[in-house]
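As stored in work34.pdb (PDB, C-alpha atoms and all ligand atoms):
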ATOM      1  CA  MET A 183     -47.563 -25.292-148.708
ATOM      2  CA  GLU A 184     -49.406 -26.213-151.884
ATOM      3  CA  ALA A 185     -52.928 -27.549-151.529
ATOM      4  CA  PHE A 186     -53.192 -31.209-152.403
ATOM      5  CA  ASP A 187     -56.234 -32.653-154.123
ATOM      6  CA  PHE A 188     -57.009 -35.961-152.419
ATOM      7  CA  ASP A 189     -59.615 -36.773-155.031
ATOM      8  CA  ASP A 190     -61.606 -38.846-152.546
ATOM      9  CA  GLY A 191     -64.909 -37.003-152.739
ATOM     10  CA  LEU A 192     -64.856 -36.280-149.012
ATOM     11  CA  SER A 193     -65.818 -32.891-147.651
ATOM     12  CA  ASP A 194     -64.126 -31.467-144.557
ATOM     13  CA  GLU A 195     -67.476 -31.832-142.764
ATOM     14  CA  GLN A 196     -67.599 -35.556-143.532
ATOM     15  CA  VAL A 197     -64.054 -36.043-142.289
ATOM     16  CA  LEU A 198     -64.919 -34.159-139.099
ATOM     17  CA  ALA A 199     -68.236 -35.969-138.571
ATOM     18  CA  SER A 200     -66.510 -39.358-138.564
ATOM     19  CA  GLY A 201     -65.321 -38.598-135.044
ATOM     20  CA  ILE A 202     -61.894 -39.952-135.971
ATOM     21  CA  ASP A 203     -58.779 -38.145-134.766
ATOM     22  CA  THR A 204     -57.329 -37.734-138.247
ATOM     23  CA  LEU A 205     -54.203 -35.956-137.029
ATOM     24  CA  ALA A 206     -53.331 -38.870-134.742
ATOM     25  CA  VAL A 207     -54.027 -41.343-137.585
ATOM     26  CA  GLU A 208     -51.718 -39.326-139.835
ATOM     27  CA  GLU A 209     -48.898 -39.416-137.292
ATOM     28  CA  ALA A 210     -49.403 -43.109-136.616
ATOM     29  CA  THR A 211     -49.417 -43.895-140.343
ATOM     30  CA  GLU A 212     -46.180 -41.999-140.870
ATOM     31  CA  ALA A 213     -44.629 -43.907-137.955
ATOM     32  CA  LEU A 214     -45.893 -47.180-139.461
ATOM     33  CA  ILE A 215     -44.397 -46.363-142.871
ATOM     34  CA  ARG A 216     -41.039 -45.688-141.216
ATOM     35  CA  ALA A 217     -41.328 -48.806-139.049
ATOM     36  CA  LEU A 218     -41.806 -50.841-142.228
ATOM     37  CA  GLY A 219     -38.419 -49.561-143.390
ATOM     38  CA  GLU A 220     -39.790 -47.140-145.973
ATOM     39  CA  ASP A 221     -38.865 -43.530-146.566
ATOM     40  CA  SER A 222     -41.931 -41.525-145.553
ATOM     41  CA  ASN A 223     -40.571 -38.494-147.413
ATOM     42  CA  ARG A 224     -40.299 -40.004-150.853
ATOM     43  CA  GLU A 225     -42.707 -38.621-153.394
ATOM     44  CA  GLY A 226     -45.177 -41.497-153.562
ATOM     45  CA  LEU A 227     -45.499 -41.727-149.788
ATOM     46  CA  ARG A 228     -45.359 -38.064-148.829
ATOM     47  CA  ASN A 229     -49.130 -37.580-148.780
ATOM     48  CA  THR A 230     -50.004 -41.131-147.805
ATOM     49  CA  PRO A 231     -50.531 -40.456-144.071
ATOM     50  CA  LYS A 232     -53.092 -37.763-144.938
ATOM     51  CA  ARG A 233     -54.782 -39.986-147.510
ATOM     52  CA  VAL A 234     -54.975 -42.870-145.069
ATOM     53  CA  ALA A 235     -56.412 -40.663-142.325
ATOM     54  CA  ARG A 236     -59.121 -39.382-144.672
ATOM     55  CA  MET A 237     -59.799 -42.907-145.876
ATOM     56  CA  TYR A 238     -60.412 -44.155-142.343
ATOM     57  CA  SER A 239     -62.757 -41.251-141.733
ATOM     58  CA  GLU A 240     -64.859 -42.792-144.513
ATOM     59  CA  LEU A 241     -64.342 -46.539-143.944
ATOM     60  CA  LEU A 242     -64.857 -46.281-140.193
ATOM     61  CA  ASN A 243     -67.461 -43.531-140.035
ATOM     62  CA  GLY A 244     -69.881 -45.827-138.206
ATOM     63  CA  TYR A 245     -68.461 -44.622-134.891
ATOM     64  CA  GLY A 246     -69.588 -41.069-135.572
ATOM     65  CA  MET A 247     -73.130 -41.945-136.660
ATOM     66  CA  ASP A 248     -75.938 -40.879-134.384
ATOM     67  CA  PRO A 249     -78.552 -43.675-134.354
ATOM     68  CA  ASP A 250     -81.362 -41.261-133.436
ATOM     69  CA  ARG A 251     -80.598 -39.008-136.358
ATOM     70  CA  LEU A 252     -80.235 -42.000-138.615
ATOM     71  CA  VAL A 253     -83.826 -43.149-138.068
ATOM     72  CA  ASN A 254     -85.222 -39.663-137.632
ATOM     73  CA  ASP A 255     -88.526 -39.135-139.497
ATOM     74  CA  ALA A 256     -88.506 -42.663-140.846
ATOM     75  CA  LEU A 257     -90.554 -44.501-138.229
ATOM     76  CA  PHE A 258     -94.131 -45.098-139.343
ATOM     77  CA  HIS A 259     -97.070 -46.495-137.427
ATOM     78  CA  VAL A 260     -98.931 -49.053-139.528
ATOM     79  CA  SER A 261    -101.056 -52.140-139.019
ATOM     80  CA  TYR A 262     -99.062 -54.143-141.574
ATOM     81  CA  ASP A 263     -97.841 -57.319-139.911
ATOM     82  CA  GLU A 264     -96.346 -59.403-142.708
ATOM     83  CA  MET A 265     -92.653 -60.104-143.019
ATOM     84  CA  VAL A 266     -90.513 -57.235-144.382
ATOM     85  CA  ILE A 267     -87.331 -58.416-146.074
ATOM     86  CA  VAL A 268     -84.436 -56.330-147.359
ATOM     87  CA  ARG A 269     -81.904 -58.611-148.947
ATOM     88  CA  ASP A 270     -78.527 -58.338-150.665
ATOM     89  CA  ILE A 271     -77.374 -55.255-148.782
ATOM     90  CA  GLU A 272     -73.767 -54.814-149.823
ATOM     91  CA  PHE A 273     -71.400 -53.795-147.063
ATOM     92  CA  TYR A 274     -67.714 -53.101-146.471
ATOM     93  CA  SER A 275     -66.245 -53.581-143.042
ATOM     94  CA  MET A 276     -62.815 -54.012-141.449
ATOM     95  CA  CYS A 277     -61.883 -56.981-139.306
ATOM     96  CA  GLU A 278     -60.687 -55.926-135.910
ATOM     97  CA  HIS A 279     -57.983 -58.588-135.718
ATOM     98  CA  HIS A 280     -56.017 -57.541-138.797
ATOM     99  CA  MET A 281     -57.667 -54.324-139.948
ATOM    100  CA  LEU A 282     -58.266 -55.867-143.367
ATOM    101  CA  PRO A 283     -61.526 -55.605-145.308
ATOM    102  CA  ILE A 284     -64.577 -57.779-144.865
ATOM    103  CA  ILE A 285     -66.756 -57.551-147.972
ATOM    104  CA  GLY A 286     -70.193 -59.025-148.029
ATOM    105  CA  ARG A 287     -73.931 -58.897-148.044
ATOM    106  CA  ALA A 288     -76.486 -58.669-145.307
ATOM    107  CA  HIS A 289     -80.102 -59.828-145.407
ATOM    108  CA  VAL A 290     -82.505 -58.364-142.890
ATOM    109  CA  ALA A 291     -86.096 -59.274-142.079
ATOM    110  CA  TYR A 292     -88.603 -58.293-139.434
ATOM    111  CA  ILE A 293     -92.266 -58.788-138.665
ATOM    112  CA  PRO A 294     -93.781 -55.420-137.672
ATOM    113  CA  ASN A 295     -95.700 -54.939-134.466
ATOM    114  CA  GLY A 296     -97.275 -51.548-135.201
ATOM    115  CA  LYS A 297     -94.092 -49.828-136.395
ATOM    116  CA  VAL A 298     -92.147 -49.978-139.651
ATOM    117  CA  LEU A 299     -88.964 -48.290-140.718
ATOM    118  CA  GLY A 300     -88.411 -46.433-143.997
ATOM    119  CA  LEU A 301     -86.863 -48.893-146.430
ATOM    120  CA  SER A 302     -83.659 -46.951-147.079
ATOM    121  CA  LYS A 303     -82.844 -46.959-143.378
ATOM    122  CA  ILE A 304     -82.107 -50.669-143.158
ATOM    123  CA  PRO A 305     -78.979 -50.453-145.371
ATOM    124  CA  ARG A 306     -77.900 -47.404-143.370
ATOM    125  CA  ILE A 307     -78.206 -49.358-140.125
ATOM    126  CA  VAL A 308     -76.058 -52.108-141.687
ATOM    127  CA  ASP A 309     -73.479 -49.466-142.647
ATOM    128  CA  MET A 310     -73.482 -47.929-139.186
ATOM    129  CA  PHE A 311     -72.309 -51.231-137.710
ATOM    130  CA  ALA A 312     -70.174 -52.355-140.686
ATOM    131  CA  ARG A 313     -68.105 -49.196-140.789
ATOM    132  CA  ARG A 314     -66.248 -49.956-137.599
ATOM    133  CA  LEU A 315     -63.558 -52.413-136.591
ATOM    134  CA  GLN A 316     -65.633 -55.560-136.407
ATOM    135  CA  VAL A 317     -65.998 -59.273-136.124
ATOM    136  CA  GLN A 318     -68.786 -60.553-138.302
ATOM    137  CA  GLU A 319     -70.609 -62.361-135.491
ATOM    138  CA  ARG A 320     -70.895 -59.197-133.403
ATOM    139  CA  MET A 321     -71.906 -57.047-136.358
ATOM    140  CA  THR A 322     -74.729 -59.492-137.163
ATOM    141  CA  ARG A 323     -76.004 -59.394-133.589
ATOM    142  CA  GLU A 324     -75.703 -55.609-133.327
ATOM    143  CA  ILE A 325     -77.842 -55.070-136.426
ATOM    144  CA  ALA A 326     -80.514 -57.455-135.079
ATOM    145  CA  ASP A 327     -80.462 -55.951-131.577
ATOM    146  CA  PHE A 328     -80.704 -52.412-132.901
ATOM    147  CA  ILE A 329     -83.769 -53.178-135.031
ATOM    148  CA  SER A 330     -85.294 -55.158-132.163
ATOM    149  CA  ASP A 331     -84.920 -52.272-129.717
ATOM    150  CA  LEU A 332     -86.093 -49.698-132.227
ATOM    151  CA  LEU A 333     -89.193 -51.399-133.628
ATOM    152  CA  GLU A 334     -90.074 -53.934-130.918
ATOM    153  CA  PRO A 335     -91.268 -56.196-133.732
ATOM    154  CA  HIS A 336     -92.644 -59.731-133.522
ATOM    155  CA  GLY A 337     -89.285 -60.921-134.766
ATOM    156  CA  VAL A 338     -86.010 -59.919-136.424
ATOM    157  CA  ALA A 339     -83.667 -62.011-138.544
ATOM    158  CA  VAL A 340     -80.267 -61.034-139.885
ATOM    159  CA  VAL A 341     -78.040 -63.200-142.076
ATOM    160  CA  VAL A 342     -74.619 -61.907-143.068
ATOM    161  CA  GLU A 343     -72.317 -63.445-145.660
ATOM    162  CA  GLY A 344     -68.770 -62.132-145.548
ATOM    163  CA  PHE A 345     -65.553 -62.574-147.450
ATOM    164  CA  HIS A 346     -62.576 -61.834-145.206
ATOM    165  CA  LEU A 347     -59.403 -60.629-146.879
ATOM    166  CA  CYS A 348     -57.439 -61.751-143.813
ATOM    167  CA  MET A 349     -58.387 -65.319-144.734
ATOM    168  CA  SER A 350     -57.312 -65.025-148.366
ATOM    169  CA  MET A 351     -54.270 -62.717-148.272
ATOM    170  CA  ARG A 352     -52.641 -64.201-145.224
ATOM    171  CA  GLY A 353     -52.850 -67.107-142.767
ATOM    172  CA  ILE A 354     -54.693 -70.030-144.291
ATOM    173  CA  LYS A 355     -54.900 -68.300-147.721
ATOM    174  CA  LYS A 356     -58.300 -69.654-148.621
ATOM    175  CA  GLN A 357     -59.451 -67.637-151.610
ATOM    176  CA  ASP A 358     -63.063 -68.676-151.577
ATOM    177  CA  ALA A 359     -63.926 -69.129-147.912
ATOM    178  CA  ARG A 360     -67.090 -67.255-147.042
ATOM    179  CA  MET A 361     -68.446 -66.900-143.591
ATOM    180  CA  THR A 362     -72.161 -66.914-142.844
ATOM    181  CA  THR A 363     -73.540 -65.688-139.543
ATOM    182  CA  SER A 364     -77.091 -65.207-138.371
ATOM    183  CA  ALA A 365     -79.085 -63.706-135.545
ATOM    184  CA  MET A 366     -82.714 -64.703-135.039
ATOM    185  CA  HIS A 367     -85.045 -63.027-132.572
ATOM    186  CA  GLY A 368     -88.675 -63.586-131.606
ATOM    187  CA  ALA A 369     -90.800 -65.357-134.202
ATOM    188  CA  PHE A 370     -87.756 -66.208-136.329
ATOM    189  CA  ARG A 371     -86.244 -68.093-133.421
ATOM    190  CA  LYS A 372     -89.444 -69.714-132.146
ATOM    191  CA  ASN A 373     -91.186 -70.585-135.392
ATOM    192  CA  VAL A 374     -89.446 -72.908-137.863
ATOM    193  CA  ALA A 375     -91.840 -72.007-140.717
ATOM    194  CA  THR A 376     -91.194 -68.268-140.266
ATOM    195  CA  ARG A 377     -87.455 -68.785-140.234
ATOM    196  CA  GLN A 378     -87.685 -71.034-143.280
ATOM    197  CA  GLU A 379     -89.751 -68.463-145.197
ATOM    198  CA  PHE A 380     -86.960 -65.928-144.693
ATOM    199  CA  LEU A 381     -84.150 -68.380-145.538
ATOM    200  CA  ASP A 382     -86.007 -69.556-148.667
ATOM    201  CA  ASN A 383     -86.489 -65.969-149.758
ATOM    202  CA  ILE A 384     -82.825 -65.019-149.433
ATOM    203  CA  SER A 385     -81.605 -68.169-151.162
ATOM    204  CA  ARG A 386     -84.029 -67.700-154.066
ATOM    205  CA  GLY A 387     -82.108 -66.271-156.990
ATOM    206  CA  ALA A 388     -79.110 -65.760-154.733
ATOM    207  CA  ARG A 389     -76.096 -64.612-156.662
ATOM    208  CA  PRO A 390     -72.694 -65.833-155.552
ATOM    209  CA  LEU A 391     -70.928 -63.242-153.453
ATOM    210  CA  GLN A 392     -68.891 -61.115-155.860
ATOM    211  CA  ILE A 393     -65.680 -59.506-154.789
TER
HETATM  212 ZN    ZN B 401     -58.996 -60.707-139.623
END
Spit out the file's structure as structure tokens when you get a sec.
Ligand SMILES: [Zn+2]
Amino acid sequence: MEAFDFDDGLSDEQVLASGIDTLAVEEATEALIRALGEDSNREGLRNTPKRVARMYSELLNGYGMDPDRLVNDALFHVSYDEMVIVRDIEFYSMCEHHMLPIIGRAHVAYIPNGKVLGLSKIPRIVDMFARRLQVQERMTREIADFISDLLEPHGVAVVVEGFHLCMSMRGIKKQDARMTTSAMHGAFRKNVATRQEFLDNISRGARPLQI
């Protein structure tokens, strides 16, 4: 059989590390194509099951991520205790009800209590929870809970804005409906001024969500 170039930039190791049973996804995709009344052997569809399986190993690789390895070497002990904000973290997720994309941005803040996390790790934590079958409310809470457990900070706040393709392509067909969810822990829940400082920061210069 000739080798096929999937041109997706994925190495075999990445596909394997996703933890996804790509062979089973391939078979299921071929069955789905046939169930839709298509010919799974025609040229354009022949390699589609393989492509789809590899695609899911990328889009849903959050299942295979090891949280300990993710934060490895990036926890620092400091006396800094002012608010840390990482805003406009772009993410791509998949809704678990329709398996259609959720595209959006997450804003994360915490107030350190002796420990801070390397800056690049916050977007990776967002990705770890986004790249699964999700509902936005749960994803928001999972990001907040994870940072809470990891850093035991004075407070954590997460705001997620999402555009759900299942709301625009199907069902109510609302092109511009955005969903905003939030999770507030500790000082962000108890202290109105702290919460407001975060909300003011993320709304300052906010760009409309681009899709
Ligand atoms: Zn949906």
Using all atoms listed in the file for the distances, tell me which of A:His346, A:Lys355, A:His289, A:Arg251 is nearest to A:Met310.
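The answer is A:Arg251, which sits nearest to A:Met310.
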For A:Ala326, work out the shell of residues within 12 Å, counting only C-alpha atoms and skipping chain neighbours fewer than 6 positions away, then give it as number ranges by chain.
A: 288-292, 304, 307-308, 311, 319-320, 332-335, 337-342, 363-368, 370
Considering only C-alpha atoms, return as JSON, numbers by chain whatever protein or nucleic-acid residues lie within 6 Å of A:Ala369, sequence-local ones (same chain, fewer than 2 positions apart) excluded.
{"A": [336, 337, 371, 372, 373]}
Take the PyMOL selection byres (((chain A and resi 278) around 8) and not hetatm), run it mentally on this structure, and tell me the resulting residues as a PyMOL selection string.
chain A and resi 276-277+279-282+315-317
For the selection you just gave me, I'd like the residues written to a file as an mmCIF file, keeping the file's coordinate frame, keeping C-alpha atoms.
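Dumped to result19.cif:
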data_model
loop_
_atom_site.group_PDB
_atom_site.id
_atom_site.type_symbol
_atom_site.label_atom_id
_atom_site.label_comp_id
_atom_site.auth_asym_id
_atom_site.auth_seq_id
_atom_site.Cartn_x
_atom_site.Cartn_y
_atom_site.Cartn_z
ATOM 1 C CA MET A 276 -62.815 -54.012 -141.449
ATOM 2 C CA CYS A 277 -61.883 -56.981 -139.306
ATOM 3 C CA HIS A 279 -57.983 -58.588 -135.718
ATOM 4 C CA HIS A 280 -56.017 -57.541 -138.797
ATOM 5 C CA MET A 281 -57.667 -54.324 -139.948
ATOM 6 C CA LEU A 282 -58.266 -55.867 -143.367
ATOM 7 C CA LEU A 315 -63.558 -52.413 -136.591
ATOM 8 C CA GLN A 316 -65.633 -55.560 -136.407
ATOM 9 C CA VAL A 317 -65.998 -59.273 -136.124
#
May I ask which of the residues A:Met265, A:Val197, A:Met351, A:Asn223 is the closest one to ligand ZN 401 (chain B), counting only C-alpha atoms and all ligand atoms?
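For ligand ZN 401 (chain B), the nearest of the candidates is A:Met351.
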Taking all atoms listed in the file into account, which of A:Leu241, A:Ile325, A:Ala256, A:Ala375 comes nearest A:Ile284?
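Checking each of A:Leu241, A:Ile325, A:Ala256, A:Ala375 against A:Ile284, counting all atoms listed in the file, the winner is A:Leu241.
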Measuring between all atoms listed in the file, which one of A:Asp382, A:Gln318, A:Asp327, A:Arg236 shows the shortest distance to ligand ZN 401 (chain B)?
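Among the listed residues, the smallest separation from ligand ZN 401 (chain B) belongs to A:Gln318.
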Which distance in Å separates atom CA of A:Lys303 and atom CA of A:Pro390, to one decimal?
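Computing the Euclidean distance for atom CA of A:Lys303 and atom CA of A:Pro390 yields 24.6 Å.
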Just to confirm, what's the straight-line distance from atom CA of A:Ile329 to atom CA of A:Val266 in Å (one decimal)?
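Between atom CA of A:Ile329 and atom CA of A:Val266 the gap is 12.2 Å.
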Distance of atom CA of A:Pro283 from atom CA of A:Gly344, expressed in Å to one decimal place
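Between atom CA of A:Gly344 and atom CA of A:Pro283 the gap works out to 9.8 Å.
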Which residues are near stretch 188-192 of chain A? Cut-off 10 Å, only C-alpha atoms, ignore same chain within fewer than 5 positions. Put them as JSON, numbers by chain.
{"A": [197, 229, 230, 232, 233, 236, 237, 239, 240]}
Which is closer to ligand ZN 401 (chain B) than all the others in A:Val374, A:Leu242, A:Leu301, A:Ile354, using only C-alpha atoms and all ligand atoms?
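Distance minimum relative to ligand ZN 401 (chain B) lands on A:Ile354.
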Which neighbours of A:Glu264 fall inside 10 Å, counting all atoms listed in the file, when residues of the same chain fewer than 3 positions from it are skipped, and could you give them as a short mmCIF file (atom, residue, chain, number, x, y, z; two decimals) with C-alpha atoms, in the frame of the given file?
data_model
loop_
_atom_site.label_atom_id
_atom_site.label_comp_id
_atom_site.auth_asym_id
_atom_site.auth_seq_id
_atom_site.Cartn_x
_atom_site.Cartn_y
_atom_site.Cartn_z
CA SER A 261 -101.06 -52.14 -139.02
CA ILE A 267 -87.33 -58.42 -146.07
CA TYR A 292 -88.60 -58.29 -139.43
CA ILE A 293 -92.27 -58.79 -138.66
CA PRO A 294 -93.78 -55.42 -137.67
CA ASN A 295 -95.70 -54.94 -134.47
CA HIS A 336 -92.64 -59.73 -133.52
#
